[in-house]
Amino acid sequence: MISPADPHMDTAVLEAKNITVRFEGLEALSRLSFAISPRRIVSIIGPNGAGKTTLLNAITGVYPIHAGEILFQGKSISGLKPFQIAALGITRSFQQAQLFMNMTVLENVMVGMHSRTTSGFFKGMLRLPSERKEERIISAQSRDILDEFGLISKAADMAGHISILDQRRLEIARAMAARPKILLLDEPAAGLTIREMEAMADLILGLREKGQTIILVEHNMRLVMAISDHLIVLHHGVKIGEGRPEDIQKNRQVIEAYLGKKV
Amino acid sequence: MKHLPLPVFSLFVIALPLILSNNYYLMALNIAALNVVIVIGLNLLMGYAGQISLGHAAFFGLGAYLSAILTTTCGFPVWPTIPAAMAITAVVAYLIGIPTLKLEGHYLVMATLGFNVIVYIVMIQLSAVTGGPSGFAGIPRLQIGGFAFDSDLKIYYLFWAVAILVLILSLNLIHSRAGRAMAALSHNEIAARCTGIDTETYKVKIFVISAALASLAGSLYAHYISFISPGSFSIFFSLQAVTMVLVGGMGSVWGSLFGAILLSLLPEVLHSVKEYNVLVYGFILMAVLMFFPRGLFPAGRSFCIAMIRKKT
Amino acid sequence: MPQLVKLFQFTLSGLTTGSTYALIAIGFSIIHNATGIVNFAQGEFVMLGGMFMITFYGYLKLPMAAAFVLSVFAVAIIGLLLEKTALRPSRSQEVLNLVMITVGASIFIKGLSMAVWGKSAMTLAPFSGEDPILILGAAIMPQSIWIFGITLAVVAALSAFFVKTRTGKAMRAVAASRRSAMLAGIPVNRMIALSFFLSGALGAVAGIILTPVTTISYDAGIMLGLKGFSAAILGGYGSMIGAVAGGLLLGVLESLGAGLVSSEYKDVLAFLILLIVLFFKPGGIFGKGASRRV
Ligand SMILES: Nc1ncnc2c1ncn2[C@@H]1O[C@H](COP(=O)(O)OP(=O)(O)OP(=O)(O)O)[C@@H](O)[C@H]1O
Ligand SMILES: [Mg+2]
């Protein structure tokens, strides 16, 4: 795992080189390049339709990229399937929470551990001792995670029956259950009240404290400016600015494209 | 509480022949046990992979004919032949599943339906091997060592032991890592993939397992009745199996048990219905889908729970 | 030389059955475009077309044209009923649920037909005699000419309908995007109902013109439906030109296979083609690439 002597410590964990994603004529991302340093919160901002969600979909392999390359820990992940990318250590939340509503809160987190565990059909059907041991371990670990995310009291509730804030939390908990190297969050604060937003900000900062690398897509400027280490600004699929929050706030082009109209 | 239904049901199964006097019902119950095996397998596919197969009669038939041909014509011993037939059927299912499971649900419906028709025609036309339309007779009965399963009662205990075993294995499965992965992919495929689940492989595996279970039932059927003919393996039986799953409720293993038993025994109870079997099945299928899309068994259970709550 | 004539003969008869497959395939496409579902009862429409024609023309001795129109109308109404009484009121509008309702409807219709028309195969006299016409040494039945002519007329009329008329354009708009069509004020539900009406009519036409060649029985629908579906897949699901091309191609392949290889396995061939196409080119030979968008 990451130790102070880690040679990757300050080189990029994730690097995009000139990536392009197209939808029938529309270029949703055009020759986009950036690098993500570890243990930071990097926020992607931009007006509606800028291509932020598309970027997360490209990184996680949900959409194919038509040109360019994405490197994760120095190796190309372009062309890999979403489950392979997740197994490598990139997991995410979705703009509209995509929980498994037919399962309990606890089970959702247990599913999140899928790529860290191995029991298959055969072991599952026969309840072999190794499978039971694995189940015990992941169930205990999932409870720990739920505890950490303040959801332990709802472990047995159906995922569809908990509040919006809890659903957002649960989605992050599920993504964290995979122990990802990079966590992608798509507008985790959308639709939350000011208070809930503060709770969400604390949660995200808490993850960073523990060394988690986070790519955050968020519309709310106050939240973004308060918690990000680094910002990337997209507009019509093109990167129009990049830097520390205080620098971005001074950038004219960015202000015109986005901040000026929005805030 | 959670583990109660299984022993209760098993005890009931063990005790039932003591109450029944008529051998005729025993035979119907034996067939019902085989249907339970097929329907639970099919439900894993329908309820957990969100895919429908209208070709399970073909897999059932493959098991039956492979067992018949390998034992009777080729002279292989019965017991090793049954898993061998399952393995061959599994390979066939794999070859069909690979291309079709990547597509939208109704492609599998059509592909399996088409496959069922092919298998049916081959059973009829390849008469040198299959006995053609008049069927295949003289299939050896089941026996272990010197013990022959030569009465309906002995078969009853064997088949229901198999059915309950399949029930237990399936219940285990759905509460395991693989079962959660299946439930995840049936509910939200994109989220499942981004959580690290190889959804395509999972779907193919479920399809293969459920085909193998149908094959198992087919082999047992052949060695029980000792005579098989293509008529038992037409697409109408595939439709019956799907109807049983839907009546029992997709994704409910206990529901499948209920659906399979209910619809297997229904024609025995309503003799006059037999002539209009097709009509009745078509009607049940449509009505259940229209009014109880989640299944009759789950709907009935919610209703009962609601009634009990009301009283107390 | 006789070998060549034989090939020509097989091709001709393949084109004949292929034409009816094309009509069935178009029926599948129209409903698929309007609703996104596969209508498994499409084959029953074909069977019903033949049965009604036999009843009106063979038994009730109505004039042929009247019997034809009446049969087509009757099956079109049955198509409409399927939509109005089974699919529309369904509590779950999930695609797979609706597809399975059409499966249920299909066996229900089959069961009813057995009760009404019995189990034995029924015949219908060809529209105009049975004296074959010789073309380049191959014999062609007058009924085949009827089949080509009617299929051509129907396809032409449909194309005109979809391109020229307001309603046809509205149906295409619904196929392109149900939401946009709704926003544009198109009565989407009416268009869906119309698609079932049209598909019923198309199926009936196919059944009426095919029955004199093949005879018809209550259980013929599934096979015909499967053939039509295979044709639709072959040509690229959802497209009208694809449906016609796929139907003709399937008919010819099947006829050549039956003539040159083995007639017992004629039906097997159709489904092997279906499986192979699904395997290598799920978008159909004339379609474009994958069929699922994430
Ligand atoms: N699957 C798709 N098919 C076609 N076009 C798409 C698809 N997904 C996104 N787009 C288009 O790509 C562009 C970028 O969309 P994207 O969802 O990435 O924007 P966003 O920055 O996340 O916006 P928002 O802030 O509204 O979430 C938009 O024009 C959108 O319409
Ligand atoms: Mg977005």
# chains A, B, ... in the order shown; residues from 1 in each chain; ligands from 1

call {"tool": "residues_near_ligand", "arguments": {"ligand": "ligand 1", "cutoff": "9 Å", "atoms": "only C-alpha atoms and all ligand atoms", "output": "ChimeraX atom specification"}}
result
/A:21-24,26-29,44-57,63,95,186-187,217-219,234-237 /C:293-294

call {"tool": "write_last_selection", "arguments": {"atoms": "N, CA, C and O atoms", "output": "compact mmCIF listing (two decimals), in the first residue's frame"}}
result
# COMPACT_ATOMS: atom_id res chain seq x y z
N VAL A 21 -14.00 12.00 -26.65
CA VAL A 21 -15.18 11.14 -26.65
C VAL A 21 -16.24 11.80 -27.52
O VAL A 21 -16.50 12.99 -27.38
N ARG A 22 -16.82 11.03 -28.42
CA ARG A 22 -17.82 11.59 -29.33
C ARG A 22 -19.16 10.88 -29.19
O ARG A 22 -19.19 9.68 -28.94
N PHE A 23 -20.23 11.64 -29.36
CA PHE A 23 -21.57 11.03 -29.50
C PHE A 23 -22.16 11.54 -30.79
O PHE A 23 -22.45 12.74 -30.89
N GLU A 24 -22.33 10.67 -31.74
CA GLU A 24 -22.97 11.03 -33.00
C GLU A 24 -22.81 12.50 -33.36
O GLU A 24 -23.75 13.29 -33.29
N LEU A 26 -21.44 14.95 -31.89
CA LEU A 26 -21.09 15.87 -30.81
C LEU A 26 -19.78 15.43 -30.16
O LEU A 26 -19.61 14.25 -29.83
N GLU A 27 -18.86 16.35 -30.00
CA GLU A 27 -17.62 16.00 -29.31
C GLU A 27 -17.78 16.38 -27.84
O GLU A 27 -17.70 17.54 -27.47
N ALA A 28 -18.02 15.39 -27.00
CA ALA A 28 -18.29 15.68 -25.59
C ALA A 28 -17.01 15.96 -24.83
O ALA A 28 -17.02 16.69 -23.84
N LEU A 29 -15.90 15.38 -25.28
CA LEU A 29 -14.58 15.69 -24.72
C LEU A 29 -13.63 15.83 -25.90
O LEU A 29 -13.61 14.97 -26.77
N ILE A 44 -13.55 18.65 -10.81
CA ILE A 44 -13.84 18.99 -12.20
C ILE A 44 -15.07 19.88 -12.18
O ILE A 44 -16.12 19.47 -11.66
N ILE A 45 -14.94 21.09 -12.70
CA ILE A 45 -16.11 21.96 -12.71
C ILE A 45 -16.39 22.42 -14.13
O ILE A 45 -15.55 22.27 -15.03
N GLY A 46 -17.55 22.97 -14.33
CA GLY A 46 -17.94 23.44 -15.65
C GLY A 46 -19.45 23.48 -15.73
O GLY A 46 -20.14 22.81 -14.97
N PRO A 47 -19.96 24.29 -16.67
CA PRO A 47 -21.43 24.43 -16.78
C PRO A 47 -22.09 23.12 -17.21
O PRO A 47 -21.40 22.17 -17.59
N ASN A 48 -23.41 23.08 -17.17
CA ASN A 48 -24.16 21.90 -17.59
C ASN A 48 -23.74 21.48 -18.99
O ASN A 48 -23.61 22.33 -19.87
N GLY A 49 -23.56 20.21 -19.17
CA GLY A 49 -23.21 19.71 -20.49
C GLY A 49 -21.76 19.91 -20.85
O GLY A 49 -21.36 19.71 -22.00
N ALA A 50 -20.93 20.31 -19.90
CA ALA A 50 -19.52 20.56 -20.19
C ALA A 50 -18.76 19.27 -20.50
O ALA A 50 -17.73 19.30 -21.15
N GLY A 51 -19.28 18.17 -20.00
CA GLY A 51 -18.59 16.90 -20.27
C GLY A 51 -18.02 16.25 -19.01
O GLY A 51 -17.22 15.32 -19.09
N LYS A 52 -18.45 16.73 -17.85
CA LYS A 52 -17.89 16.23 -16.59
C LYS A 52 -18.25 14.76 -16.36
O LYS A 52 -17.39 13.92 -16.10
N THR A 53 -19.57 14.48 -16.46
CA THR A 53 -19.99 13.09 -16.27
C THR A 53 -19.38 12.20 -17.34
O THR A 53 -18.97 11.07 -17.07
N THR A 54 -19.32 12.74 -18.56
CA THR A 54 -18.72 11.97 -19.65
C THR A 54 -17.27 11.60 -19.31
O THR A 54 -16.83 10.49 -19.58
N LEU A 55 -16.57 12.54 -18.68
CA LEU A 55 -15.18 12.26 -18.29
C LEU A 55 -15.12 11.09 -17.30
O LEU A 55 -14.32 10.18 -17.46
N LEU A 56 -16.00 11.14 -16.29
CA LEU A 56 -16.00 10.03 -15.32
C LEU A 56 -16.35 8.71 -16.02
O LEU A 56 -15.76 7.68 -15.74
N ASN A 57 -17.31 8.77 -16.96
CA ASN A 57 -17.67 7.56 -17.69
C ASN A 57 -16.51 7.05 -18.54
O ASN A 57 -16.34 5.85 -18.70
N TYR A 63 -17.97 4.58 -21.15
CA TYR A 63 -17.93 5.01 -22.55
C TYR A 63 -16.55 4.73 -23.10
O TYR A 63 -15.55 4.94 -22.41
N GLN A 95 -24.19 10.41 -10.72
CA GLN A 95 -24.92 11.67 -10.57
C GLN A 95 -26.31 11.43 -9.98
O GLN A 95 -26.74 12.14 -9.09
N ASP A 186 -19.62 11.94 -8.49
CA ASP A 186 -20.35 12.78 -9.44
C ASP A 186 -21.46 13.53 -8.71
O ASP A 186 -22.51 12.96 -8.41
N GLU A 187 -21.20 14.80 -8.44
CA GLU A 187 -22.15 15.68 -7.76
C GLU A 187 -22.75 15.06 -6.50
O GLU A 187 -23.97 14.89 -6.41
N VAL A 217 -16.73 15.81 -9.04
CA VAL A 217 -17.49 16.66 -9.96
C VAL A 217 -18.54 17.35 -9.11
O VAL A 217 -19.29 16.68 -8.40
N GLU A 218 -18.57 18.68 -9.15
CA GLU A 218 -19.52 19.35 -8.28
C GLU A 218 -19.88 20.72 -8.85
O GLU A 218 -19.05 21.42 -9.41
N HIS A 219 -21.14 21.06 -8.68
CA HIS A 219 -21.62 22.35 -9.18
C HIS A 219 -21.51 23.44 -8.12
O HIS A 219 -21.32 24.60 -8.44
N LEU A 234 -13.88 22.61 -17.22
CA LEU A 234 -14.25 22.16 -18.56
C LEU A 234 -15.32 23.07 -19.11
O LEU A 234 -16.16 23.60 -18.38
N HIS A 235 -15.28 23.25 -20.44
CA HIS A 235 -16.35 23.98 -21.11
C HIS A 235 -16.47 23.40 -22.51
O HIS A 235 -15.49 23.39 -23.24
N HIS A 236 -17.65 22.92 -22.86
CA HIS A 236 -17.84 22.27 -24.16
C HIS A 236 -16.80 21.21 -24.42
O HIS A 236 -16.25 21.11 -25.52
N GLY A 237 -16.44 20.45 -23.41
CA GLY A 237 -15.51 19.33 -23.60
C GLY A 237 -14.05 19.73 -23.68
O GLY A 237 -13.19 18.90 -23.93
N ARG C 293 -26.96 0.63 -26.72
CA ARG C 293 -26.22 1.83 -26.38
C ARG C 293 -26.21 1.96 -24.87
O ARG C 293 -27.23 1.81 -24.22
N VAL C 294 -25.05 2.22 -24.32
CA VAL C 294 -24.97 2.31 -22.86
C VAL C 294 -25.21 3.72 -22.39
O VAL C 294 -24.72 4.63 -22.99

call {"tool": "select_by_dssp", "arguments": {"residues": "segment 62-282 of chain C", "states": "helix (DSSP H, G or I)", "output": "MDAnalysis selection string"}}
result
chainID C and resid 64:87 95:117 142:164 166:176 178:183 188:214 221:235 240:261 266:280

call {"tool": "residues_around", "arguments": {"residues": "Ser115 of chain A", "least_positions_apart": "5", "cutoff": "9 Å", "atoms": "only C-alpha atoms", "output": "list in words"}}
result
Phe83, Gln84, Ala86, Ala87, Leu88 and Ala178 of chain A; Thr195, Gly196 and Ile197 of chain B

call {"tool": "write_last_selection", "arguments": {"atoms": "N, CA and C atoms", "output": "mmCIF file, in the first residue's frame"}}
result
data_model
loop_
_atom_site.group_PDB
_atom_site.id
_atom_site.type_symbol
_atom_site.label_atom_id
_atom_site.label_comp_id
_atom_site.auth_asym_id
_atom_site.auth_seq_id
_atom_site.Cartn_x
_atom_site.Cartn_y
_atom_site.Cartn_z
ATOM 1 N N PHE A 83 -15.617 -3.322 -15.183
ATOM 2 C CA PHE A 83 -15.344 -4.150 -14.002
ATOM 3 C C PHE A 83 -13.840 -4.336 -13.794
ATOM 4 N N GLN A 84 -13.098 -4.332 -14.908
ATOM 5 C CA GLN A 84 -11.645 -4.469 -14.778
ATOM 6 C C GLN A 84 -11.042 -3.208 -14.170
ATOM 7 N N ALA A 86 -12.611 -1.115 -12.246
ATOM 8 C CA ALA A 86 -12.985 -1.102 -10.825
ATOM 9 C C ALA A 86 -12.051 -1.997 -10.021
ATOM 10 N N ALA A 87 -11.735 -3.159 -10.575
ATOM 11 C CA ALA A 87 -10.872 -4.092 -9.856
ATOM 12 C C ALA A 87 -9.457 -3.531 -9.703
ATOM 13 N N LEU A 88 -9.023 -2.729 -10.684
ATOM 14 C CA LEU A 88 -7.701 -2.108 -10.574
ATOM 15 C C LEU A 88 -7.659 -1.062 -9.474
ATOM 16 N N ALA A 178 -14.422 -1.095 -1.965
ATOM 17 C CA ALA A 178 -13.463 -1.744 -2.855
ATOM 18 C C ALA A 178 -12.035 -1.331 -2.522
ATOM 19 N N THR B 195 -18.923 -1.578 -10.087
ATOM 20 C CA THR B 195 -18.568 -2.068 -8.763
ATOM 21 C C THR B 195 -17.625 -3.265 -8.893
ATOM 22 N N GLY B 196 -17.257 -3.595 -10.110
ATOM 23 C CA GLY B 196 -16.264 -4.647 -10.287
ATOM 24 C C GLY B 196 -16.846 -5.996 -10.656
ATOM 25 N N ILE B 197 -18.127 -6.026 -11.030
ATOM 26 C CA ILE B 197 -18.744 -7.306 -11.380
ATOM 27 C C ILE B 197 -18.675 -7.511 -12.896
#

call {"tool": "closest_residue", "arguments": {"among": "A:Ser142, A:Ser93, A:Ser78, A:Ser153", "to": "ligand 2", "atoms": "only C-alpha atoms and all ligand atoms"}}
result
A:Ser93

call {"tool": "interface_residues", "arguments": {"of": "chain B", "to": "chain A", "cutoff": "9 Å", "atoms": "only C-alpha atoms", "output": "NGL selection string"}}
result
:B and (168-181 or 183-185 or 187-188 or 190-199 or 205-206)

call {"tool": "residues_around", "arguments": {"residues": "Met64 of chain C", "least_positions_apart": "6", "cutoff": "12 Å", "atoms": "only C-alpha atoms", "output": "list of chain:residue names"}}
result
C:Phe52, C:Met53, C:Ile54, C:Thr55, C:Phe56, C:Tyr57, C:Gly58, C:Leu70, C:Ser71, C:Leu124, C:Ala125, C:Pro126, C:Phe127, C:Ser128, C:Ile208, C:Ile209

call {"tool": "write_last_selection", "arguments": {"atoms": "N, CA, C and O atoms", "output": "mmCIF file, in the first residue's frame"}}
result
data_model
loop_
_atom_site.group_PDB
_atom_site.id
_atom_site.type_symbol
_atom_site.label_atom_id
_atom_site.label_comp_id
_atom_site.auth_asym_id
_atom_site.auth_seq_id
_atom_site.Cartn_x
_atom_site.Cartn_y
_atom_site.Cartn_z
ATOM 1 N N PHE C 52 -59.031 -17.021 -41.371
ATOM 2 C CA PHE C 52 -60.190 -16.176 -41.700
ATOM 3 C C PHE C 52 -60.514 -16.246 -43.191
ATOM 4 O O PHE C 52 -61.676 -16.322 -43.588
ATOM 5 N N MET C 53 -59.452 -16.241 -44.002
ATOM 6 C CA MET C 53 -59.671 -16.304 -45.452
ATOM 7 C C MET C 53 -60.375 -17.608 -45.805
ATOM 8 O O MET C 53 -61.317 -17.616 -46.595
ATOM 9 N N ILE C 54 -59.916 -18.701 -45.202
ATOM 10 C CA ILE C 54 -60.545 -20.000 -45.468
ATOM 11 C C ILE C 54 -62.020 -19.958 -45.056
ATOM 12 O O ILE C 54 -62.904 -20.432 -45.760
ATOM 13 N N THR C 55 -62.266 -19.330 -43.900
ATOM 14 C CA THR C 55 -63.643 -19.253 -43.413
ATOM 15 C C THR C 55 -64.520 -18.393 -44.334
ATOM 16 O O THR C 55 -65.598 -18.812 -44.760
ATOM 17 N N PHE C 56 -64.033 -17.189 -44.655
ATOM 18 C CA PHE C 56 -64.851 -16.263 -45.441
ATOM 19 C C PHE C 56 -64.992 -16.697 -46.892
ATOM 20 O O PHE C 56 -66.055 -16.613 -47.488
ATOM 21 N N TYR C 57 -63.864 -17.184 -47.444
ATOM 22 C CA TYR C 57 -63.841 -17.491 -48.871
ATOM 23 C C TYR C 57 -64.213 -18.946 -49.120
ATOM 24 O O TYR C 57 -65.088 -19.239 -49.934
ATOM 25 N N GLY C 58 -63.600 -19.851 -48.357
ATOM 26 C CA GLY C 58 -63.820 -21.275 -48.592
ATOM 27 C C GLY C 58 -65.185 -21.743 -48.105
ATOM 28 O O GLY C 58 -65.871 -22.483 -48.791
ATOM 29 N N LEU C 70 -61.976 -8.435 -45.646
ATOM 30 C CA LEU C 70 -62.583 -8.754 -44.352
ATOM 31 C C LEU C 70 -61.582 -9.457 -43.430
ATOM 32 O O LEU C 70 -61.471 -9.144 -42.235
ATOM 33 N N SER C 71 -60.836 -10.410 -44.007
ATOM 34 C CA SER C 71 -59.859 -11.153 -43.201
ATOM 35 C C SER C 71 -58.776 -10.221 -42.676
ATOM 36 O O SER C 71 -58.400 -10.277 -41.505
ATOM 37 N N LEU C 124 -56.543 -23.946 -48.905
ATOM 38 C CA LEU C 124 -57.230 -22.860 -49.599
ATOM 39 C C LEU C 124 -56.822 -22.970 -51.061
ATOM 40 O O LEU C 124 -55.648 -23.171 -51.364
ATOM 41 N N ALA C 125 -57.803 -22.841 -51.951
ATOM 42 C CA ALA C 125 -57.484 -22.954 -53.374
ATOM 43 C C ALA C 125 -56.656 -21.747 -53.804
ATOM 44 O O ALA C 125 -56.865 -20.642 -53.309
ATOM 45 N N PRO C 126 -55.712 -21.954 -54.731
ATOM 46 C CA PRO C 126 -54.948 -20.819 -55.262
ATOM 47 C C PRO C 126 -55.892 -19.790 -55.886
ATOM 48 O O PRO C 126 -56.986 -20.136 -56.327
ATOM 49 N N PHE C 127 -55.463 -18.536 -55.903
ATOM 50 C CA PHE C 127 -56.351 -17.457 -56.347
ATOM 51 C C PHE C 127 -56.762 -17.610 -57.799
ATOM 52 O O PHE C 127 -57.867 -17.251 -58.172
ATOM 53 N N SER C 128 -55.841 -18.113 -58.647
ATOM 54 C CA SER C 128 -56.223 -18.251 -60.052
ATOM 55 C C SER C 128 -55.560 -19.473 -60.658
ATOM 56 O O SER C 128 -54.551 -19.385 -61.326
ATOM 57 N N ILE C 208 -52.793 -14.939 -45.841
ATOM 58 C CA ILE C 208 -53.760 -15.193 -46.914
ATOM 59 C C ILE C 208 -53.067 -15.630 -48.201
ATOM 60 O O ILE C 208 -53.494 -16.569 -48.859
ATOM 61 N N ILE C 209 -51.978 -14.950 -48.549
ATOM 62 C CA ILE C 209 -51.351 -15.303 -49.826
ATOM 63 C C ILE C 209 -50.513 -16.570 -49.717
ATOM 64 O O ILE C 209 -50.309 -17.269 -50.689
#

call {"tool": "residues_around", "arguments": {"residues": "Ser215 of chain B", "least_positions_apart": "2", "cutoff": "7 Å", "atoms": "only C-alpha atoms", "output": "ChimeraX atom specification"}}
result
/B:59-60,62-64,85-86,89,211-213,217-219
